[in-house]
$ cat target06.txt   # compact mmCIF, C-alpha atoms
# COMPACT_ATOMS: atom_id res chain seq x y z
CA MET Y 70 105.45 90.88 118.72
CA LEU Y 71 106.44 87.65 117.03
CA CYS Y 72 106.77 88.11 113.25
CA ILE Y 73 106.35 84.92 111.25
CA ASN Y 74 107.25 84.63 107.57
CA ASN Y 75 105.28 81.45 106.96
CA LYS Y 76 106.65 79.58 103.93
CA TYR Y 77 103.93 76.89 103.85
CA THR Y 78 101.41 77.25 101.02
CA ASP Y 79 98.93 74.48 101.90
CA ALA Y 80 95.58 76.10 102.78
CA TYR Y 81 94.65 73.36 105.25
CA PHE Y 82 97.92 73.87 107.13
CA ASN Y 83 97.78 77.66 107.10
CA LEU Y 84 94.21 77.91 108.41
CA ALA Y 85 95.16 75.41 111.12
CA ALA Y 86 98.24 77.55 111.91
CA GLU Y 87 96.07 80.59 112.56
CA GLU Y 88 93.87 78.75 115.04
CA TYR Y 89 96.90 77.17 116.71
CA LEU Y 90 98.61 80.54 117.18
CA LEU Y 91 95.40 82.12 118.48
CA HIS Y 92 94.76 79.38 121.03
CA SER Y 93 98.23 78.19 122.03
CA PHE Y 94 100.42 81.32 122.17
CA SER Y 95 100.29 84.24 124.58
CA GLU Y 96 102.41 86.70 122.56
CA ASP Y 97 101.16 89.20 120.01
CA ILE Y 98 101.77 87.83 116.51
CA PHE Y 99 102.06 89.00 112.92
CA MET Y 100 102.12 86.27 110.27
CA LEU Y 101 102.60 86.72 106.54
CA TRP Y 102 101.66 83.80 104.30
CA GLN Y 103 100.42 82.63 100.91
CA ASN Y 104 98.22 79.79 99.71
CA GLU Y 105 98.33 77.79 96.53
CA PRO Y 106 95.07 78.28 94.58
CA SER Y 107 92.17 77.67 96.95
CA VAL Y 108 88.84 79.05 98.10
CA ILE Y 109 88.49 80.12 101.74
CA ILE Y 110 84.99 80.55 103.16
CA GLY Y 111 83.81 82.19 106.37
CA LYS Y 112 82.90 80.15 109.44
CA HIS Y 113 79.20 80.94 109.11
CA GLN Y 114 78.78 80.54 105.36
CA ASN Y 115 76.83 78.02 103.33
CA ILE Y 116 79.54 76.61 101.07
CA TRP Y 117 77.04 75.72 98.33
CA ALA Y 118 75.96 79.37 98.06
CA GLU Y 119 79.54 80.65 97.68
CA VAL Y 120 81.56 78.30 95.50
CA ASN Y 121 81.46 77.24 91.86
CA PHE Y 122 82.11 73.54 92.34
CA ASP Y 123 82.41 72.74 88.65
CA PHE Y 124 85.32 75.17 88.46
CA VAL Y 125 86.80 74.04 91.78
CA GLN Y 126 86.80 70.42 90.66
CA GLU Y 127 88.21 71.27 87.23
CA LYS Y 128 91.10 73.21 88.78
CA GLN Y 129 91.45 70.85 91.77
CA LEU Y 130 91.22 73.69 94.26
CA LYS Y 131 91.05 73.16 98.01
CA VAL Y 132 87.95 74.65 99.67
CA VAL Y 133 88.59 75.46 103.32
CA ARG Y 134 86.39 76.90 106.07
CA ARG Y 135 88.27 79.34 108.29
CA PHE Y 136 87.90 80.00 112.02
CA SER Y 137 86.67 83.58 111.53
CA GLY Y 138 83.49 84.97 110.00
CA GLY Y 139 83.15 87.12 106.89
CA GLY Y 140 82.86 86.23 103.22
CA ALA Y 141 84.42 83.85 100.73
CA VAL Y 142 87.76 84.72 99.11
CA TYR Y 143 90.00 83.22 96.46
CA HIS Y 144 93.69 82.73 97.25
CA ASP Y 145 96.61 82.03 94.95
CA LEU Y 146 100.33 82.75 95.05
CA GLY Y 147 99.70 86.25 93.70
CA ASN Y 148 97.90 87.11 96.94
CA LEU Y 149 99.40 87.83 100.36
CA ASN Y 150 97.65 87.06 103.63
CA LEU Y 151 98.36 89.10 106.75
CA THR Y 152 97.32 87.77 110.17
CA PHE Y 153 97.44 89.84 113.35
CA ILE Y 154 96.81 88.22 116.74
CA GLU Y 155 96.87 90.27 119.93
CA ASN Y 156 95.93 90.10 123.58
CA SER Y 157 93.08 92.54 124.06
CA CYS Y 158 89.95 93.06 126.15
CA ASN Y 159 88.84 95.94 123.94
CA ALA Y 160 89.12 94.98 120.29
CA ASP Y 161 90.01 97.77 117.85
CA PHE Y 162 90.08 96.07 114.46
CA ASP Y 163 90.24 99.37 112.57
CA LYS Y 164 93.82 99.90 113.72
CA PHE Y 165 94.99 96.95 111.64
CA SER Y 166 93.49 98.24 108.41
CA LYS Y 167 95.02 101.64 109.19
CA GLN Y 168 98.45 100.03 109.59
CA ILE Y 169 98.14 98.29 106.23
CA ILE Y 170 97.03 101.53 104.56
CA HIS Y 171 99.98 103.40 106.09
CA MET Y 172 102.34 100.73 104.76
CA LEU Y 173 100.84 100.91 101.26
CA ILE Y 174 100.93 104.70 101.17
CA GLY Y 175 104.62 104.49 102.07
CA MET Y 176 105.07 102.44 98.89
CA GLY Y 177 103.24 105.04 96.81
CA ILE Y 178 99.91 103.15 96.76
CA GLU Y 179 96.91 105.36 97.57
CA ALA Y 180 94.62 102.84 99.28
CA LYS Y 181 91.48 103.64 101.27
CA ALA Y 182 89.26 101.65 103.65
CA ASP Y 183 85.50 101.32 103.30
CA ASP Y 184 82.97 100.74 106.08
CA ARG Y 185 83.66 96.97 106.03
CA ARG Y 186 87.44 97.50 106.35
CA ALA Y 187 87.94 96.41 102.75
CA LEU Y 188 90.79 98.30 101.10
CA THR Y 189 90.38 99.86 97.68
CA ILE Y 190 92.33 101.74 95.02
CA ASP Y 191 90.23 103.99 92.77
CA GLY Y 192 87.14 102.23 94.11
CA LEU Y 193 88.42 98.74 93.21
CA LYS Y 194 88.96 96.23 95.99
CA ILE Y 195 92.48 95.01 96.76
CA SER Y 196 91.90 93.61 100.24
CA GLY Y 197 89.19 91.93 102.27
CA SER Y 198 89.37 91.16 105.97
CA ALA Y 199 87.75 89.16 108.75
CA GLN Y 200 88.18 88.92 112.49
CA CYS Y 201 87.33 86.88 115.55
CA ILE Y 202 87.72 86.93 119.33
CA HIS Y 203 88.83 83.96 121.44
CA LYS Y 204 88.71 84.61 125.18
CA GLU Y 205 91.00 87.65 125.61
CA ARG Y 206 92.80 87.26 122.28
CA ILE Y 207 91.73 88.78 118.99
CA MET Y 208 92.59 87.84 115.43
CA TYR Y 209 92.36 90.04 112.34
CA HIS Y 210 93.41 88.79 108.94
CA ALA Y 211 93.40 90.43 105.54
CA THR Y 212 94.24 89.63 101.94
CA LEU Y 213 96.34 91.77 99.61
CA LEU Y 214 95.76 91.12 95.91
CA PHE Y 215 99.08 91.76 94.20
CA SER Y 216 99.10 89.67 91.03
CA THR Y 217 96.22 87.25 91.53
CA ASP Y 218 94.55 85.61 88.54
CA LEU Y 219 91.36 87.67 88.63
CA THR Y 220 89.64 85.51 86.02
CA ASN Y 221 90.03 82.48 88.26
CA LEU Y 222 88.97 84.52 91.29
CA THR Y 223 85.71 85.50 89.61
CA ALA Y 224 85.02 82.00 88.33
CA ALA Y 225 85.73 80.24 91.64
CA LEU Y 226 83.36 82.50 93.60
CA HIS Y 227 80.51 82.41 91.08
CA ALA Y 228 78.21 79.85 92.70
CA LYS Y 229 75.62 78.22 90.47
CA PRO Y 230 71.97 78.27 91.64
CA GLU Y 231 71.57 74.56 90.85
CA GLU Y 232 74.22 73.74 93.46
CA LEU Y 233 71.79 74.97 96.09
CA ASN Y 234 69.94 71.71 95.82
CA GLY Y 235 66.74 72.86 97.49
CA SER Y 236 67.20 70.52 100.43
CA ALA Y 237 65.36 71.26 103.64
CA ALA Y 238 68.71 71.93 105.33
CA ASN Y 239 69.61 74.60 102.79
CA GLN Y 240 66.21 76.22 103.10
CA ARG Y 241 66.22 76.27 106.91
CA CYS Y 242 69.69 77.74 107.42
CA VAL Y 243 70.52 81.43 107.31
CA SER Y 244 74.10 82.01 106.22
CA VAL Y 245 76.44 84.98 105.94
CA LYS Y 246 76.46 86.03 102.28
CA SER Y 247 79.59 87.35 100.62
CA VAL Y 248 79.50 90.95 99.37
CA ARG Y 249 80.78 90.96 95.80
CA SER Y 250 82.95 93.89 94.73
CA PRO Y 251 84.98 94.71 91.61
CA VAL Y 252 88.64 93.92 92.28
CA THR Y 253 92.07 94.83 90.98
CA ASN Y 254 95.72 93.96 91.62
CA ILE Y 255 98.17 96.19 93.46
CA ARG Y 256 100.78 95.50 90.80
CA GLU Y 257 98.80 97.70 88.40
CA TYR Y 258 99.35 100.71 90.66
CA ILE Y 259 102.69 100.27 92.39
CA PRO Y 260 105.51 102.45 91.02
CA GLY Y 261 108.23 100.50 89.24
CA SER Y 262 108.18 96.84 88.32
CA ILE Y 263 108.41 94.40 91.23
CA GLN Y 264 107.41 90.78 91.70
CA ILE Y 265 105.29 89.25 94.45
CA GLN Y 266 108.35 88.07 96.42
CA ASP Y 267 109.80 91.61 96.37
CA PHE Y 268 106.48 92.94 97.62
CA LYS Y 269 106.34 90.26 100.30
CA ARG Y 270 109.79 91.26 101.56
CA LEU Y 271 108.68 94.90 101.79
CA VAL Y 272 105.59 93.93 103.78
CA MET Y 273 107.56 91.67 106.13
CA THR Y 274 110.22 94.32 106.68
CA TYR Y 275 107.59 96.96 107.47
CA PHE Y 276 105.90 94.95 110.21
CA THR Y 277 109.12 93.49 111.61
CA GLU Y 278 110.98 96.79 111.90
CA ASN Y 279 108.17 99.28 112.46
CA THR Y 280 107.57 98.56 116.15
CA GLU Y 281 110.00 98.17 119.04
CA GLY Y 282 110.30 94.69 120.48
CA ASN Y 283 109.35 92.86 117.29
CA HIS Y 284 111.40 89.83 116.38
CA THR Y 285 111.15 87.03 113.85
CA TYR Y 286 109.88 83.62 114.85
CA LEU Y 287 110.25 80.29 113.04
CA PHE Y 288 107.84 77.42 113.61
CA SER Y 289 109.46 74.78 115.82
CA GLU Y 290 109.15 71.07 115.16
CA GLU Y 291 106.57 70.95 117.95
CA ASP Y 292 104.59 73.77 116.29
CA VAL Y 293 104.60 72.02 112.92
CA THR Y 294 103.51 68.73 114.49
CA ALA Y 295 100.66 70.37 116.41
CA ILE Y 296 99.51 72.38 113.38
CA GLY Y 297 99.71 69.28 111.22
CA GLN Y 298 97.53 67.38 113.68
CA LEU Y 299 94.92 70.16 113.66
CA ARG Y 300 95.09 70.15 109.87
CA GLU Y 301 94.33 66.43 109.76
CA ASP Y 302 91.70 66.44 112.51
CA LYS Y 303 89.80 69.53 111.38
CA TYR Y 304 90.80 71.72 108.45
CA SER Y 305 91.23 69.00 105.84
CA THR Y 306 87.99 67.21 106.78
CA SER Y 307 84.71 67.26 104.90
CA ASP Y 308 82.90 67.50 108.24
CA TRP Y 309 84.45 70.90 108.97
CA ASN Y 310 84.58 72.33 105.47
CA PHE Y 311 81.25 71.12 104.11
CA ASN Y 312 79.03 70.12 107.04
CA ALA Y 313 79.93 72.45 109.92
CA PHE Y 314 77.46 75.12 108.74
CA PHE Y 315 74.54 72.69 108.92
CA HIS Y 316 75.58 71.39 112.36
CA LYS Y 317 75.41 74.80 114.06

$ encode --input "target06.txt" --output "structure tokens"
Amino acid sequence: MLCINNKYTDAYFNLAAEEYLLHSFSEDIFMLWQNEPSVIIGKHQNIWAEVNFDFVQEKQLKVVRRFSGGGAVYHDLGNLNLTFIENSCNADFDKFSKQIIHMLIGMGIEAKADDRRALTIDGLKISGSAQCIHKERIMYHATLLFSTDLTNLTAALHAKPEELNGSAANQRCVSVKSVRSPVTNIREYIPGSIQIQDFKRLVMTYFTENTEGNHTYLFSEEDVTAIGQLREDKYSTSDWNFNAFFHK
């Protein structure tokens, strides 16, 4: 498995990177990454029903539609994103949440999974996930809230009814609604006092060293160019982020 410690923090680039790796590589992949403050919505969501645009504009947050389904999430540099891509004709997405739980338990964090593969501590959500299938390759990605600004998270995902402007398009379309859950940060529960970069190193070490045949991979110049092109052509565009839902 290729293990990628992705240092880019631009949400447009990182969502493009996921699609690029899913479509263009044949190896199994684990990628660990972070985004600067941004809102990421599911492929089949109505953006106006999920996002507080007054807050987004005030904070100058990127809003990006991802390639997978699921609900809207808030990212900042206090959150880690884990992406798993594998060749498979028989998808078993539960195994990925089990791997993350096993890793957390090894750090002294008693996390559990619910029926939507969200991870919780004491009933409070620390991780959401989504998945997709492309031909014979599967992708599963999950968040890990470590030290995220939970006030900003709540505000960014609190859509205002008036933003659903009552247009015929909004009324005709049926979208995937996010399931809201009370959240917390892992930092409140982890033994000792560590920072997000320490936690990130522990996560990267676990997935790099825990399976035979794993090795680190750095994006090549060709990778960065191709991802950058996909970023410009798709993930940074209003047509994809704002209009794709209505063009289904």

$ closest_residue --input "target06.txt" --among "Y:Ser250, Y:Thr78, Y:Gln266, Y:Thr152" --to "Thr189 in chain Y" --atoms "only C-alpha atoms"
Y:Ser250

$ atom_distance --input "target06.txt" --atom1 "CA of Glu155 in chain Y" --atom2 "CA of Leu71 in chain Y"
10.3 Å

$ closest_atom_pairs --input "target06.txt" --of "range 255-290 of chain Y" --to "range 193-198 of chain Y" --cutoff "12 Å" --atoms "all atoms listed in the file" --output "Markdown table"
| residue | atom | partner | partner_atom | distance |
| --- | --- | --- | --- | --- |
| Y:Ile255 | CA | Y:Ile195 | CA | 6.7 |
| Y:Arg256 | CA | Y:Ile195 | CA | 10.2 |
| Y:Glu257 | CA | Y:Ile195 | CA | 10.8 |
| Y:Tyr258 | CA | Y:Ile195 | CA | 10.8 |

$ residues_near_point --input "target06.txt" --point "(87.9, 91.2, 112.6)" --cutoff "10 Å" --atoms "all atoms listed in the file" --output "list in words"
Ser137, Gly138, Gly139, Phe153, Ala160, Asp161, Phe162, Asp163, Phe165, Ser166, Arg185, Arg186, Ser198, Ala199, Gln200, Cys201, Ile202, Ile207, Met208, Tyr209, His210 and Ala211 of chain Y

$ write_last_selection --input "target06.txt" --atoms "C-alpha atoms" --output "compact mmCIF listing (two decimals), keeping the file's coordinate frame"
# COMPACT_ATOMS: atom_id res chain seq x y z
CA SER Y 137 86.67 83.58 111.53
CA GLY Y 138 83.49 84.97 110.00
CA GLY Y 139 83.15 87.12 106.89
CA PHE Y 153 97.44 89.84 113.35
CA ALA Y 160 89.12 94.98 120.29
CA ASP Y 161 90.01 97.77 117.85
CA PHE Y 162 90.08 96.07 114.46
CA ASP Y 163 90.24 99.37 112.57
CA PHE Y 165 94.99 96.95 111.64
CA SER Y 166 93.49 98.24 108.41
CA ARG Y 185 83.66 96.97 106.03
CA ARG Y 186 87.44 97.50 106.35
CA SER Y 198 89.37 91.16 105.97
CA ALA Y 199 87.75 89.16 108.75
CA GLN Y 200 88.18 88.92 112.49
CA CYS Y 201 87.33 86.88 115.55
CA ILE Y 202 87.72 86.93 119.33
CA ILE Y 207 91.73 88.78 118.99
CA MET Y 208 92.59 87.84 115.43
CA TYR Y 209 92.36 90.04 112.34
CA HIS Y 210 93.41 88.79 108.94
CA ALA Y 211 93.40 90.43 105.54

$ residues_around --input "target06.txt" --residues "Glu105 in chain Y" --least-positions-apart "4" --cutoff "8 Å" --atoms "all atoms listed in the file" --output "ChimeraX atom specification"
/Y:78-80,144-146

$ residues_around --input "target06.txt" --residues "Lys204 in chain Y" --least-positions-apart "6" --cutoff "10 Å" --atoms "only C-alpha atoms" --output "ChimeraX atom specification"
/Y:91-92,156-158

$ residues_near_point --input "target06.txt" --point "(97.9, 77.6, 114.9)" --cutoff "12 Å" --atoms "all atoms listed in the file" --output "PyMOL selection string"
chain Y and resi 73+75+81-95+98+100+135-136+152+154+208+288-289+291-300+303-304

$ atom_distance --input "target06.txt" --atom1 "CA of Thr217 in chain Y" --atom2 "CA of Ser262 in chain Y"
15.7 Å

$ closest_residue --input "target06.txt" --among "Y:Ala225, Y:Ile263, Y:Asn279, Y:Met176" --to "Ile116 in chain Y" --atoms "all atoms listed in the file"
Y:Ala225

$ closest_residue --input "target06.txt" --among "Y:Gly147, Y:Gly192, Y:Gly282, Y:Gly175" --to "Asp267 in chain Y" --atoms "all atoms listed in the file"
Y:Gly147

$ atom_distance --input "target06.txt" --atom1 "CA of Lys164 in chain Y" --atom2 "CA of Val133 in chain Y"
27.1 Å

$ closest_residue --input "target06.txt" --among "Y:Lys128, Y:His227, Y:Lys167, Y:Lys112" --to "Ala182 in chain Y" --atoms "all atoms listed in the file"
Y:Lys167

$ closest_residue --input "target06.txt" --among "Y:Ile178, Y:Thr306, Y:Gln114, Y:His284" --to "Lys131 in chain Y" --atoms "all atoms listed in the file"
Y:Thr306

$ decode --input "target06.txt" --residues "range 122-171 of chain Y" --atoms "C-alpha atoms" --output "compact mmCIF listing (two decimals), in the first residue's frame"
# COMPACT_ATOMS: atom_id res chain seq x y z
CA PHE Y 122 -23.41 31.30 3.71
CA ASP Y 123 -23.35 34.42 5.87
CA PHE Y 124 -20.78 32.72 8.09
CA VAL Y 125 -18.88 31.21 5.15
CA GLN Y 126 -18.55 34.61 3.50
CA GLU Y 127 -17.57 36.32 6.76
CA LYS Y 128 -14.81 33.77 7.38
CA GLN Y 129 -13.91 33.42 3.68
CA LEU Y 130 -14.25 29.65 3.79
CA LYS Y 131 -14.01 27.45 0.71
CA VAL Y 132 -17.09 25.31 0.07
CA VAL Y 133 -16.23 22.18 -1.91
CA ARG Y 134 -18.33 19.30 -3.23
CA ARG Y 135 -16.55 15.96 -2.90
CA PHE Y 136 -16.66 12.92 -5.18
CA SER Y 137 -18.35 10.69 -2.57
CA GLY Y 138 -21.80 10.82 -1.01
CA GLY Y 139 -22.67 11.41 2.63
CA GLY Y 140 -23.19 14.59 4.63
CA ALA Y 141 -21.59 17.99 5.03
CA VAL Y 142 -18.54 18.40 7.29
CA TYR Y 143 -16.39 21.27 8.50
CA HIS Y 144 -12.61 20.98 8.15
CA ASP Y 145 -9.84 23.01 9.76
CA LEU Y 146 -6.24 22.33 10.73
CA GLY Y 147 -7.41 20.73 13.98
CA ASN Y 148 -9.00 17.92 11.97
CA LEU Y 149 -7.29 15.01 10.23
CA ASN Y 150 -8.63 13.36 7.09
CA LEU Y 151 -7.89 9.71 6.34
CA THR Y 152 -8.45 8.34 2.83
CA PHE Y 153 -8.29 4.64 1.97
CA ILE Y 154 -8.40 3.50 -1.67
CA GLU Y 155 -8.30 -0.19 -2.56
CA ASN Y 156 -8.88 -2.55 -5.43
CA SER Y 157 -11.94 -4.59 -4.54
CA CYS Y 158 -14.91 -6.32 -6.16
CA ASN Y 159 -16.56 -6.86 -2.77
CA ALA Y 160 -16.50 -3.66 -0.76
CA ASP Y 161 -16.17 -4.02 3.01
CA PHE Y 162 -16.20 -0.45 4.31
CA ASP Y 163 -16.61 -1.54 7.93
CA LYS Y 164 -13.03 -2.81 8.00
CA PHE Y 165 -11.71 0.74 7.66
CA SER Y 166 -13.65 2.07 10.64
CA LYS Y 167 -12.46 -0.97 12.61
CA GLN Y 168 -8.84 -0.16 11.74
CA ILE Y 169 -9.25 3.42 12.93
CA ILE Y 170 -10.89 2.26 16.16
CA HIS Y 171 -8.05 -0.22 16.77
